[in-house]
Each structure stands twice: as structure tokens, then as C-alpha cells.
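J.: My structure file query11.cif, mmCIF, C-alpha atoms, is below:
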```cif
data_run
loop_
_atom_site.group_PDB
_atom_site.id
_atom_site.type_symbol
_atom_site.label_atom_id
_atom_site.label_comp_id
_atom_site.auth_asym_id
_atom_site.auth_seq_id
_atom_site.Cartn_x
_atom_site.Cartn_y
_atom_site.Cartn_z
ATOM 1 C CA MET A 1 114.319 161.054 81.153
ATOM 2 C CA ALA A 2 115.741 159.338 84.236
ATOM 3 C CA ILE A 3 112.232 158.426 85.397
ATOM 4 C CA GLU A 4 111.407 156.729 82.095
ATOM 5 C CA GLU A 5 114.716 154.832 82.139
ATOM 6 C CA PHE A 6 114.004 153.661 85.684
ATOM 7 C CA LEU A 7 110.456 152.514 84.856
ATOM 8 C CA GLU A 8 111.746 150.685 81.794
ATOM 9 C CA TYR A 9 114.317 148.965 84.013
ATOM 10 C CA LEU A 10 111.583 147.913 86.465
ATOM 11 C CA ARG A 11 109.401 146.556 83.687
ATOM 12 C CA ASP A 12 112.028 144.787 81.576
ATOM 13 C CA GLN A 13 114.574 143.599 84.139
ATOM 14 C CA LYS A 14 112.642 143.329 87.407
ATOM 15 C CA GLY A 15 109.325 142.171 85.942
ATOM 16 C CA ALA A 16 107.330 144.777 87.858
ATOM 17 C CA SER A 17 103.568 144.727 87.356
ATOM 18 C CA ALA A 18 101.673 147.410 85.463
ATOM 19 C CA GLU A 19 100.138 148.548 88.772
ATOM 20 C CA THR A 20 103.593 149.032 90.315
ATOM 21 C CA ILE A 21 104.806 150.947 87.254
ATOM 22 C CA ARG A 22 101.809 153.287 87.388
ATOM 23 C CA ALA A 23 102.190 153.929 91.125
ATOM 24 C CA TYR A 24 105.939 154.583 90.907
ATOM 25 C CA ARG A 25 105.497 156.905 87.921
ATOM 26 C CA LEU A 26 102.942 158.976 89.836
ATOM 27 C CA ASP A 27 105.131 159.111 92.963
ATOM 28 C CA LEU A 28 108.255 160.178 91.083
ATOM 29 C CA GLU A 29 106.483 162.748 88.937
ATOM 30 C CA GLN A 30 104.898 164.295 92.046
ATOM 31 C CA LEU A 31 108.309 164.641 93.660
ATOM 32 C CA LYS A 32 109.852 166.100 90.503
ATOM 33 C CA GLU A 33 107.025 168.628 90.187
ATOM 34 C CA HIS A 34 107.456 169.661 93.826
ATOM 35 C CA LEU A 35 111.234 170.094 93.533
ATOM 36 C CA GLY A 36 111.086 171.703 90.116
ATOM 37 C CA LYS A 37 114.275 170.055 88.916
ATOM 38 C CA ASP A 38 115.912 166.810 87.793
ATOM 39 C CA LEU A 39 115.627 164.255 90.596
ATOM 40 C CA ALA A 40 119.306 163.375 90.194
ATOM 41 C CA GLU A 41 119.977 166.841 91.678
ATOM 42 C CA ALA A 42 117.684 166.293 94.673
ATOM 43 C CA ARG A 43 118.950 166.872 98.210
ATOM 44 C CA LEU A 44 117.868 164.990 101.315
ATOM 45 C CA PRO A 45 116.394 167.993 103.229
ATOM 46 C CA GLU A 46 114.069 169.005 100.386
ATOM 47 C CA VAL A 47 112.871 165.430 99.846
ATOM 48 C CA ARG A 48 112.183 165.131 103.576
ATOM 49 C CA LEU A 49 110.223 168.386 103.474
ATOM 50 C CA PHE A 50 108.071 167.039 100.656
ATOM 51 C CA LEU A 51 107.430 163.798 102.560
ATOM 52 C CA ALA A 52 106.513 165.730 105.703
ATOM 53 C CA ARG A 53 103.830 167.576 103.735
ATOM 54 C CA VAL A 54 102.545 164.331 102.217
ATOM 55 C CA ALA A 55 102.373 162.755 105.678
ATOM 56 C CA LYS A 56 99.821 165.337 106.843
ATOM 57 C CA THR A 57 97.100 163.911 104.592
ATOM 58 C CA ALA A 58 98.290 160.552 103.221
ATOM 59 C CA ALA A 59 97.869 157.164 104.852
ATOM 60 C CA ARG A 60 100.945 155.536 106.337
ATOM 61 C CA THR A 61 100.850 152.828 103.671
ATOM 62 C CA THR A 62 100.840 155.473 100.909
ATOM 63 C CA LEU A 63 103.777 157.279 102.486
ATOM 64 C CA ALA A 64 105.688 154.011 102.877
ATOM 65 C CA ARG A 65 105.100 153.152 99.209
ATOM 66 C CA LYS A 66 106.370 156.550 98.072
ATOM 67 C CA ILE A 67 109.535 156.183 100.133
ATOM 68 C CA ALA A 68 110.096 152.676 98.742
ATOM 69 C CA ALA A 69 109.731 154.086 95.209
ATOM 70 C CA TYR A 70 112.188 156.896 95.921
ATOM 71 C CA ARG A 71 114.776 154.621 97.506
ATOM 72 C CA SER A 72 114.601 152.239 94.567
ATOM 73 C CA PHE A 73 114.924 155.130 92.117
ATOM 74 C CA PHE A 74 117.872 156.700 93.939
ATOM 75 C CA ARG A 75 119.658 153.322 94.038
ATOM 76 C CA PHE A 76 119.141 153.132 90.263
ATOM 77 C CA LEU A 77 120.737 156.576 89.868
ATOM 78 C CA LYS A 78 123.597 155.575 92.178
ATOM 79 C CA ARG A 79 124.468 152.571 89.994
ATOM 80 C CA GLN A 80 124.629 154.912 87.021
ATOM 81 C CA GLY A 81 126.834 157.377 88.865
ATOM 82 C CA ARG A 82 124.192 160.108 88.590
ATOM 83 C CA LEU A 83 123.084 160.584 92.200
ATOM 84 C CA ARG A 84 124.285 163.842 93.768
ATOM 85 C CA ASP A 85 123.244 163.362 97.399
ATOM 86 C CA GLN A 86 124.187 159.876 98.624
ATOM 87 C CA ARG A 87 122.164 160.360 101.815
ATOM 88 C CA LEU A 88 119.003 159.791 99.768
ATOM 89 C CA LEU A 89 119.861 156.091 99.667
ATOM 90 C CA TYR A 90 118.914 155.879 103.341
ATOM 91 C CA LEU A 91 115.466 157.446 103.312
ATOM 92 C CA ARG A 92 113.320 155.874 106.003
ATOM 93 C CA GLY A 93 109.600 155.570 106.183
ATOM 94 C CA PRO A 94 107.049 154.986 108.927
ATOM 95 C CA ARG A 95 106.475 151.509 110.254
ATOM 96 C CA THR A 96 103.264 150.238 108.753
ATOM 97 C CA GLU A 97 100.762 148.441 110.943
ATOM 98 C CA GLN A 98 100.593 144.745 110.037
ATOM 99 C CA ARG A 99 96.884 144.223 109.615
ATOM 100 C CA LEU A 100 95.655 140.708 109.076
ATOM 101 C CA PRO A 101 93.096 140.455 106.274
ATOM 102 C CA ARG A 102 89.611 139.284 107.115
ATOM 103 C CA VAL A 103 89.198 135.502 107.109
ATOM 104 C CA LEU A 104 85.896 133.934 106.145
ATOM 105 C CA SER A 105 84.720 130.884 107.986
ATOM 106 C CA VAL A 106 84.357 127.764 105.840
ATOM 107 C CA ASP A 107 80.562 128.185 105.854
ATOM 108 C CA GLU A 108 80.868 131.849 104.804
ATOM 109 C CA ALA A 109 83.303 130.959 102.019
ATOM 110 C CA PHE A 110 80.975 128.231 100.723
ATOM 111 C CA ALA A 111 77.987 130.579 100.832
ATOM 112 C CA LEU A 112 79.891 133.230 98.905
ATOM 113 C CA VAL A 113 81.192 131.008 96.108
ATOM 114 C CA GLU A 114 77.739 129.443 95.726
ATOM 115 C CA ALA A 115 75.947 132.814 95.686
ATOM 116 C CA PRO A 116 75.704 133.191 91.864
ATOM 117 C CA LYS A 117 72.513 131.392 90.822
ATOM 118 C CA GLY A 118 70.936 130.586 87.487
ATOM 119 C CA ASP A 119 72.032 129.794 83.941
ATOM 120 C CA SER A 120 72.849 133.299 82.748
ATOM 121 C CA PHE A 121 76.287 134.193 81.384
ATOM 122 C CA LYS A 122 76.987 136.420 84.403
ATOM 123 C CA ALA A 123 75.976 133.753 86.923
ATOM 124 C CA LYS A 124 78.204 131.120 85.301
ATOM 125 C CA ARG A 125 81.100 133.557 84.985
ATOM 126 C CA ASP A 126 80.834 134.820 88.542
ATOM 127 C CA ARG A 127 80.640 131.284 89.945
ATOM 128 C CA ALA A 128 83.817 130.352 88.041
ATOM 129 C CA ILE A 129 85.569 133.514 89.298
ATOM 130 C CA LEU A 130 84.681 132.844 92.920
ATOM 131 C CA GLU A 131 85.535 129.147 92.737
ATOM 132 C CA LEU A 132 88.984 129.890 91.283
ATOM 133 C CA LEU A 133 89.794 132.678 93.733
ATOM 134 C CA TYR A 134 88.903 130.505 96.710
ATOM 135 C CA GLY A 135 89.849 127.140 95.192
ATOM 136 C CA ALA A 136 93.289 128.157 93.875
ATOM 137 C CA GLY A 137 94.186 131.150 96.062
ATOM 138 C CA LEU A 138 94.859 133.425 93.097
ATOM 139 C CA ARG A 139 95.595 137.139 93.258
ATOM 140 C CA VAL A 140 92.952 139.212 91.475
ATOM 141 C CA SER A 141 95.529 140.457 88.948
ATOM 142 C CA GLU A 142 96.484 136.838 88.206
ATOM 143 C CA LEU A 143 92.861 135.892 87.670
ATOM 144 C CA ALA A 144 92.204 138.866 85.370
ATOM 145 C CA SER A 145 95.188 137.972 83.160
ATOM 146 C CA LEU A 146 94.261 134.299 82.681
ATOM 147 C CA THR A 147 93.574 132.887 79.211
ATOM 148 C CA PRO A 148 91.813 129.573 78.483
ATOM 149 C CA GLU A 149 95.158 128.100 77.404
ATOM 150 C CA MET A 150 96.513 128.641 80.919
ATOM 151 C CA VAL A 151 93.878 126.333 82.419
ATOM 152 C CA SER A 152 94.144 122.541 82.317
ATOM 153 C CA LEU A 153 90.800 120.999 83.192
ATOM 154 C CA GLU A 154 92.244 117.506 82.871
ATOM 155 C CA LEU A 155 95.060 118.122 85.391
ATOM 156 C CA MET A 156 92.977 120.635 87.363
ATOM 157 C CA VAL A 157 95.788 123.206 87.489
ATOM 158 C CA VAL A 158 96.137 126.757 86.240
ATOM 159 C CA ARG A 159 99.406 128.244 85.009
ATOM 160 C CA VAL A 160 99.739 131.618 86.701
ATOM 161 C CA ARG A 161 102.079 134.518 86.016
ATOM 162 C CA GLY A 162 102.562 136.103 89.426
ATOM 163 C CA LYS A 163 104.575 138.969 90.854
ATOM 164 C CA GLY A 164 107.857 139.662 89.127
ATOM 165 C CA GLY A 165 106.709 137.642 86.119
ATOM 166 C CA LYS A 166 107.279 134.362 87.975
ATOM 167 C CA GLU A 167 105.186 131.452 86.779
ATOM 168 C CA ARG A 168 103.703 128.730 88.963
ATOM 169 C CA LEU A 169 101.132 125.965 88.720
ATOM 170 C CA ALA A 170 98.177 126.433 91.046
ATOM 171 C CA PRO A 171 95.901 123.429 91.602
ATOM 172 C CA PHE A 172 92.138 123.772 91.890
ATOM 173 C CA GLY A 173 89.413 121.377 92.955
ATOM 174 C CA LYS A 174 86.407 119.588 91.532
ATOM 175 C CA LYS A 175 83.973 122.439 92.224
ATOM 176 C CA ALA A 176 86.136 124.936 90.352
ATOM 177 C CA LYS A 177 86.403 122.489 87.442
ATOM 178 C CA GLU A 178 82.625 122.111 87.311
ATOM 179 C CA ALA A 179 82.191 125.899 87.337
ATOM 180 C CA LEU A 180 84.697 126.311 84.501
ATOM 181 C CA LEU A 181 83.013 123.575 82.445
ATOM 182 C CA ALA A 182 79.749 125.489 82.782
ATOM 183 C CA TYR A 183 81.315 128.881 81.984
ATOM 184 C CA LEU A 184 83.554 128.079 79.012
ATOM 185 C CA PRO A 185 80.732 127.222 76.539
ATOM 186 C CA ALA A 186 78.898 130.410 77.593
ATOM 187 C CA ARG A 187 82.096 132.381 76.952
ATOM 188 C CA GLU A 188 82.500 130.883 73.478
ATOM 189 C CA GLU A 189 78.875 131.599 72.655
ATOM 190 C CA LEU A 190 79.257 135.251 73.721
ATOM 191 C CA LEU A 191 82.406 135.735 71.623
ATOM 192 C CA LYS A 192 80.767 134.118 68.608
ATOM 193 C CA ARG A 193 77.678 136.290 68.938
ATOM 194 C CA ARG A 194 79.780 139.438 69.329
ATOM 195 C CA LYS A 195 82.211 138.353 66.584
ATOM 196 C CA LEU A 196 85.163 138.920 68.910
ATOM 197 C CA ASN A 197 88.351 137.060 69.735
ATOM 198 C CA THR A 198 89.164 138.361 73.226
ATOM 199 C CA PRO A 199 92.037 136.268 74.636
ATOM 200 C CA GLU A 200 91.282 136.713 78.356
ATOM 201 C CA LEU A 201 89.396 133.968 80.155
ATOM 202 C CA PHE A 202 86.946 136.164 82.048
ATOM 203 C CA LEU A 203 84.852 138.572 80.001
ATOM 204 C CA ASN A 204 82.275 141.274 80.605
ATOM 205 C CA VAL A 205 78.844 141.032 78.982
ATOM 206 C CA ARG A 206 80.116 142.965 75.930
ATOM 207 C CA GLY A 207 82.861 140.417 75.288
ATOM 208 C CA GLY A 208 85.735 142.549 76.574
ATOM 209 C CA PRO A 209 88.175 141.507 79.315
ATOM 210 C CA LEU A 210 87.165 141.923 82.949
ATOM 211 C CA THR A 211 89.459 144.284 84.861
ATOM 212 C CA SER A 212 90.689 143.692 88.401
ATOM 213 C CA ARG A 213 88.461 146.542 89.550
ATOM 214 C CA SER A 214 85.406 144.913 87.986
ATOM 215 C CA ILE A 215 86.189 141.638 89.747
ATOM 216 C CA HIS A 216 86.434 143.543 93.043
ATOM 217 C CA ARG A 217 82.959 144.994 92.439
ATOM 218 C CA ILE A 218 81.465 141.607 91.527
ATOM 219 C CA ILE A 219 82.709 140.012 94.745
ATOM 220 C CA LYS A 220 81.675 142.946 96.902
ATOM 221 C CA THR A 221 78.142 142.793 95.470
ATOM 222 C CA TYR A 222 77.663 139.119 96.354
ATOM 223 C CA ALA A 223 79.270 139.551 99.767
ATOM 224 C CA LEU A 224 77.008 142.448 100.741
ATOM 225 C CA LYS A 225 73.931 140.445 99.707
ATOM 226 C CA LEU A 226 75.066 137.799 102.195
ATOM 227 C CA GLY A 227 75.732 140.386 104.899
ATOM 228 C CA LEU A 228 79.518 139.957 104.693
ATOM 229 C CA PRO A 229 81.232 143.365 104.914
ATOM 230 C CA ARG A 230 84.852 144.088 103.964
ATOM 231 C CA VAL A 231 85.195 141.171 101.540
ATOM 232 C CA SER A 232 87.536 141.424 98.560
ATOM 233 C CA PRO A 233 89.350 138.990 96.243
ATOM 234 C CA HIS A 234 92.217 139.040 98.735
ATOM 235 C CA THR A 235 89.814 137.873 101.456
ATOM 236 C CA LEU A 236 89.224 134.702 99.460
ATOM 237 C CA ARG A 237 92.966 134.223 98.901
ATOM 238 C CA HIS A 238 93.653 134.616 102.622
ATOM 239 C CA SER A 239 90.766 132.300 103.506
ATOM 240 C CA PHE A 240 92.116 129.712 101.036
ATOM 241 C CA ALA A 241 95.494 129.691 102.800
ATOM 242 C CA THR A 242 94.063 129.733 106.318
ATOM 243 C CA HIS A 243 91.609 126.894 105.667
ATOM 244 C CA LEU A 244 94.371 124.768 104.140
ATOM 245 C CA LEU A 245 96.599 125.313 107.153
ATOM 246 C CA GLU A 246 93.763 124.564 109.564
ATOM 247 C CA SER A 247 93.227 121.271 107.738
ATOM 248 C CA GLY A 248 96.856 120.279 108.238
ATOM 249 C CA ALA A 249 98.492 121.394 104.971
ATOM 250 C CA ASP A 250 102.244 122.028 105.077
ATOM 251 C CA LEU A 251 103.166 125.703 105.293
ATOM 252 C CA ARG A 252 105.795 125.419 102.562
ATOM 253 C CA ALA A 253 103.303 123.768 100.234
ATOM 254 C CA ILE A 254 100.929 126.688 100.833
ATOM 255 C CA GLN A 255 103.817 129.060 100.131
ATOM 256 C CA GLU A 256 104.291 127.431 96.719
ATOM 257 C CA MET A 257 100.575 127.558 95.922
ATOM 258 C CA LEU A 258 100.363 131.247 96.845
ATOM 259 C CA GLY A 259 103.536 132.109 94.953
ATOM 260 C CA HIS A 260 105.265 133.779 97.894
ATOM 261 C CA ALA A 261 109.005 134.367 97.626
ATOM 262 C CA ARG A 262 109.444 134.288 101.420
ATOM 263 C CA LEU A 263 107.929 131.937 103.961
ATOM 264 C CA SER A 264 107.459 134.857 106.369
ATOM 265 C CA THR A 265 104.873 136.328 103.973
ATOM 266 C CA THR A 266 102.885 133.092 104.020
ATOM 267 C CA GLN A 267 103.013 132.984 107.814
ATOM 268 C CA ARG A 268 101.452 136.441 107.971
ATOM 269 C CA TYR A 269 98.633 135.459 105.588
ATOM 270 C CA THR A 270 97.871 132.233 107.418
ATOM 271 C CA HIS A 271 97.224 133.634 110.885
ATOM 272 C CA LEU A 272 95.506 131.222 113.258
ATOM 273 C CA ASP A 273 93.986 131.979 116.618
ATOM 274 C CA PHE A 274 95.567 130.419 119.694
ATOM 275 C CA SER A 275 92.701 128.068 120.479
ATOM 276 C CA HIS A 276 93.111 126.365 117.093
ATOM 277 C CA LEU A 277 96.864 126.027 117.574
ATOM 278 C CA ALA A 278 96.246 124.507 120.982
ATOM 279 C CA ALA A 279 93.846 121.983 119.474
ATOM 280 C CA VAL A 280 96.474 121.025 116.880
ATOM 281 C CA TYR A 281 98.971 120.572 119.723
ATOM 282 C CA ASP A 282 96.536 118.235 121.507
ATOM 283 C CA ARG A 283 96.183 116.034 118.455
ATOM 284 C CA ALA A 284 99.808 116.023 117.339
ATOM 285 C CA HIS A 285 102.187 116.179 120.321
ATOM 286 C CA PRO A 286 102.996 112.791 121.871
ATOM 287 C CA ARG A 287 102.842 114.144 125.426
ATOM 288 C CA ALA A 288 99.825 116.392 124.942
ATOM 289 C CA GLN A 289 97.395 113.954 126.571
ATOM 290 C CA LYS A 290 99.566 113.281 129.616
ATOM 291 C CA VAL A 291 98.352 116.448 131.300
ATOM 292 C CA ALA A 292 95.321 118.673 130.937
ATOM 293 C CA SER A 293 95.561 119.906 127.342
ATOM 294 C CA PRO A 294 95.748 123.614 126.468
ATOM 295 C CA SER A 295 92.576 123.574 124.377
ATOM 296 C CA ARG A 296 90.701 121.734 127.146
ATOM 297 C CA ARG A 297 91.839 124.343 129.655
ATOM 298 C CA ILE A 298 90.683 127.111 127.307
ATOM 299 C CA LYS A 299 87.224 125.532 127.003
ATOM 300 C CA GLU A 300 86.994 125.092 130.769
ATOM 301 C CA GLU A 301 87.923 128.730 131.326
ATOM 302 C CA GLU A 302 85.293 129.848 128.790
ATOM 303 C CA LYS A 303 82.610 127.879 130.645
ATOM 304 C CA LYS A 304 83.452 129.730 133.842
#
```
Can you give me the file's structure in the form of C-alpha cells?

T.:
Amino acid sequence: MAIEEFLEYLRDQKGASAETIRAYRLDLEQLKEHLGKDLAEARLPEVRLFLARVAKTAARTTLARKIAAYRSFFRFLKRQGRLRDQRLLYLRGPRTEQRLPRVLSVDEAFALVEAPKGDSFKAKRDRAILELLYGAGLRVSELASLTPEMVSLELMVVRVRGKGGKERLAPFGKKAKEALLAYLPAREELLKRRKLNTPELFLNVRGGPLTSRSIHRIIKTYALKLGLPRVSPHTLRHSFATHLLESGADLRAIQEMLGHARLSTTQRYTHLDFSHLAAVYDRAHPRAQKVASPSRRIKEEEKK
């Protein structure tokens, strides 16, 4: 009962996504099954023992997510005055390695978004998907939940419902607009032929909504044909942010476009190598040209 109350609280008051709800439900039910009792009666040593067993086979990220779920749940019980062992509020997890997602070069990104060829429904749909992911920096879950009403072709913006149910306007460019103009009539024709009224923007060939997993597979297929391994929708989102920053966009503007609550999150997504930062310094700092510039020194060292 407490688990259902907690998940309802996450959904209704915190705006947690369906993916988060599913993951937390699984984590909490696994712990309850292991302990064989109401989680309000849990004790710190037995929870630690369970986590130690999980740690033998699970990835560090999985373990960290479970601990985050448990801490959040135990805080919920504490506020209700139902938590027996207060030490559970201070569960600690492993430090997760901060891996930077793969970044496509501009040429690779262009090749990928232009990979769908032809006039078929799938080609038009896939081109629109790729153009929006790269052109607007959307999360795959945001893209999958779009409806035509959320897209303004005139203003070239899309109204997105992001994490925590927060809405934002994400701009997109001329290429994405052209791809959408080509896809939308094909979408209407498919729905009319199938006699359906599916509200989602992106559909499968049967007229049903595309899932996030299906979008992952679509992108992976095109990427592998181009010889680009380890490419996902998030790769395009990260490349979107990195390419904007490399072109001189303001970090806080990128934060707004990505829908990040904290600037530190945006800084992690928009990693730049030192040689690029040095080149920016050369162009921007008033005293950069008074001495041998950092980027020039880097190039000279590489020649040696």
C-alpha cells in the first residue's frame, strides 16, 4: 500500500515520468520481496545486505538508481511518520563515473539526418525525426509524446513537455520545417487509409504511435549504415548542444533550449576539448594576440 501511495505522489505531485514510475516500482517491489515485510519496518542492516548482493551483478548506475529510489521512498515515509529506522534516510550509493556522451562532428550529424532517402512514408517520417532531434535538441521521450498541435511551423517552435511535466518552447530550423512539411501530409494519408485518429505526431506504418524504443532502433539502423557506432537519440541531443556552444551560443540559452533545471547539467552535456577552448580564447580575449596564443602553441607542438 505504501509503495502505491508513494508512486501516486511521484506521479501527481512531482510530475515523474512513466519511465521513472516503472523503475521505482520495480526497485521497491524487489526490496519488499527480499525483506518479506512492509518496507516501513525495514532496518538499515538488512537493506544494506540486499544492496551488497545487488552490487555483485548490477552496474553502478543501476545500484545508484535503486538507492535514490529507496532514499526518496524512505523520506516519503518519514514525512508521514511511518518510518521505523531513521538511519535509512542516509543510505549512500557508489559514485557513478561521469561519462560524456558521444559527440558527432557536424559532417557526421548532417550525414545522419540526411540518411533517409526517397518518398516513402518511412523515409519522410525518419527524416523529420532526425531533423527534430538534432535541430531542436529534444529528448527521445519528448519527441515520442509530441502531437501535431504542439508544433508551430509558422514560428518554427515546438511546445515540449519535459522532465517533471515542465513545458518549454524549443526552436527548430528551416531543414526541420521542410522535413515536417513533407511528413505531415504522408501522416494524414496513412491515418485516413487506416481509418484511425492517432494523436501522436510520429506513427509506425500501421498508424499507431512510435515508442521511444522504436525511435532508438530507427536511429541506430541509419547510424550503423553510415559506420557510426554507439549513436542514440541522446547522441543527437548532445551534438546539438555542443555544436551550438562551439558556434558561440550562450550557455544559459542552451540550458533553456535543453530544458535543464541546473546549469551544471548543461555544462556536462556541452563538453569541449581544450584546443577548441583555446581557439575561442584567441578570438575573444583582448590580450590573446599580444603573446603566442594557446591554440597556436598547440598546433606547433602537434607539428613537432

J.: When the PyMOL selection byres ((chain A and resi 135-143) around 6) is applied to the file above, which residues end up in the set, as a ChimeraX atom specification?

T.: /A:131-134,144-146,170-172,212,233,237,240

J.: Within 7 Å of stretch 18-29 of chain A, counting all atoms listed in the file, which residues qualify if same-chain residues fewer than 4 places away don't, as a list in words?

T.: Leu7, Glu33, Lys66 and Ala69 of chain A

J.: Once the PyMOL selection byres ((chain A and resi 79-84) around 6) has been evaluated on this model, what residues remain selected, and can you format them as a list in words?

T.: Ala40, Glu41, Phe76, Leu77, Lys78 and Asp85 of chain A

J.: Between atom CA of A:Ala58 and atom CA of A:Leu89, what is the spacing in Å?

T.: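 Computing it gives 22.3 Å between the two atoms.
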
J.: Please evaluate the PyMOL selection byres ((chain A and resi 223) around 12) against the structure above and give the resulting residues as an MDAnalysis selection string.

T.: chainID A and resid 104 108:116 130 216:222 224:233 235:236

J.: Counting only C-alpha atoms, figure out which residue out of A:Met257, A:Val205, A:Thr198, A:Glu5 gets nearest to A:Val157.

T.: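 When distances to A:Val157 are compared using only C-alpha atoms, the smallest one comes from A:Met257.
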
J.: Report the distance between atom CA of A:Gly173 and atom CA of A:Met156 in Å, rounded to one decimal place.

T.: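 So the answer is 6.7 Å.
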
J.: Nearest to A:Pro185 among A:Arg213, A:Lys163, A:Arg60, A:Arg125, with distances taken over all atoms listed in the file: which residue is it?

T.: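 So, comparing all the options, the nearest one is A:Arg125.
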
J.: Can you measure atom CA of A:His34 to atom CA of A:Tyr90 for me? One decimal in Å is fine.

T.: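 Taking atom CA of A:His34 as the start and atom CA of A:Tyr90 as the end point, the length is 20.3 Å.
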
J.: Between A:Glu4, A:Glu246, A:Asp126, A:Asp119, which one has atoms that come closest to A:Leu203, using only C-alpha atoms?

T.: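 Nearest candidate to A:Leu203 out of A:Glu4, A:Glu246, A:Asp126, A:Asp119: A:Asp126.
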
J.: Looking at all atoms listed in the file, which of A:Leu155, A:Met1, A:Val160, A:Ile129 is the one that sits closest to A:Leu210?

T.: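 Using all atoms listed in the file, A:Leu210 sits closest to A:Ile129.
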